[in-house]
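Below is one structure, written out as structure tokens; comments come after it.
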Amino acid sequence: MARFILIGLYPGTRAGAIAAASPYRELGHSYVDLERGIFCRRPIGKRATKKRQTPAPLPPRLLAHMRRWKDRKLISTCFVEFNGKPVASVKKGFKSAVDLAKLSGKVTPHTLRHWAATWLMQHGVPIWEAAGFLGMSPEVLQDTYGHHHPDHLHGAAAAIGQKARYVSVVKSVVDSGTATDENKKCKEIWSEWQDSNLRPLRPERSEHLLTY
């Protein structure tokens, strides 16, 4: 159970892929490349589904554990085993661990994936990057866990006390160097940027284009 929990927490992998995880390329098993540090979560020979079991890099701490388990011959064919054989389900063992830990509420193997997603958001990892790492769509991650991100709604919170109208492109304009005076107000910066894009071409420029 300790191995299952570690593999579930670090990369936020689903229970089925964890149970099938193996350091060897075998049909029906999800392959863990210990040399490259890549977890190919979709079992070999299995068709791709909506669950997005995409490959993901292993966190250094987990990779060190998995290498040690193999080197010390603590596993036979899979990382999660019972009496030297792969397990089909960890529901009973996980429930016993939850009871021993005296955890309240509904805690299931899938809860590990929820924790991983929540921690990534709390640490400020970009939505797109976290979604790729977890193997879920950015939309699902945003809708379910986005409120845990430190930047969640901060733009709105900052804008509510300002007199000028909130324009999301102002920051990108300032960062790109369009504004030369750092003390200019956001409204003035936006007006200058807008004018520069709407201003008609100079006569000499127009004549130059017409010749081609």
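Naming works like this for the structure tokens: A, B, ... for the chains as they're shown, residue 1 at the start of each chain, ligands 1 onward in shown order.
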With only C-alpha atoms counted and 10 Å as the cut-off, give the residues of stretch 66-109 of chain A in contact with stretch 34-57 of chain A, each with its shortest interatomic distance in Å and the pair that gives it, as a Markdown table.
| residue | atom | partner | partner_atom | distance |
| --- | --- | --- | --- | --- |
| A:Met66 | CA | A:Leu34 | CA | 7.6 |
| A:Arg67 | CA | A:Leu34 | CA | 6.5 |
| A:Lys70 | CA | A:Leu34 | CA | 9.4 |
Can you spit out the residues from that selection as an mmCIF file, in the first residue's frame, using C-alpha atoms?
data_model
loop_
_atom_site.group_PDB
_atom_site.id
_atom_site.type_symbol
_atom_site.label_atom_id
_atom_site.label_comp_id
_atom_site.auth_asym_id
_atom_site.auth_seq_id
_atom_site.Cartn_x
_atom_site.Cartn_y
_atom_site.Cartn_z
ATOM 1 C CA MET A 66 11.188 3.030 -7.804
ATOM 2 C CA ARG A 67 14.799 2.463 -8.805
ATOM 3 C CA LYS A 70 13.905 -2.744 -8.411
#
Do you know which residues are at most 12 Å from A:Pro150 counting only C-alpha atoms, after dropping those on the same chain fewer than 3 positions away, and could you put them as a PyMOL selection string? chain A and resi 118-127+145-147+153-155
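Our summary of the geometry notes that atom CA of A:Thr77 is positioned 27.6 Å from atom CA of A:Met136.
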Record the distance separating atom CA of A:Ala156 and atom CA of A:Ala131, expressed in Å with one decimal.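 Taking atom CA of A:Ala156 as the start and atom CA of A:Ala131 as the end point, the length is 23.7 Å.
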Taking the chain letters and numbering used in this document, name the residues of stretch 15-157 of chain A that DSSP puts in alpha helix (DSSP H), as number ranges by chain. A: 15-19, 60-71, 91-101, 111-122, 127-134, 138-145, 154-157
Quick check, in Å to one decimal: how far apart do atom CA of A:Phe82 and atom CA of A:Ala117 lie? 28.2 Å
Find the spatial neighbours of stretch 4-11 of chain A, counting only C-alpha atoms, within a cut-off of 8 Å - ignore same-chain residues fewer than 5 positions away - and output them as an NGL selection string. :A and (18-19 or 56 or 58-59 or 62 or 79-80 or 109 or 112-113 or 115-116 or 133-134)
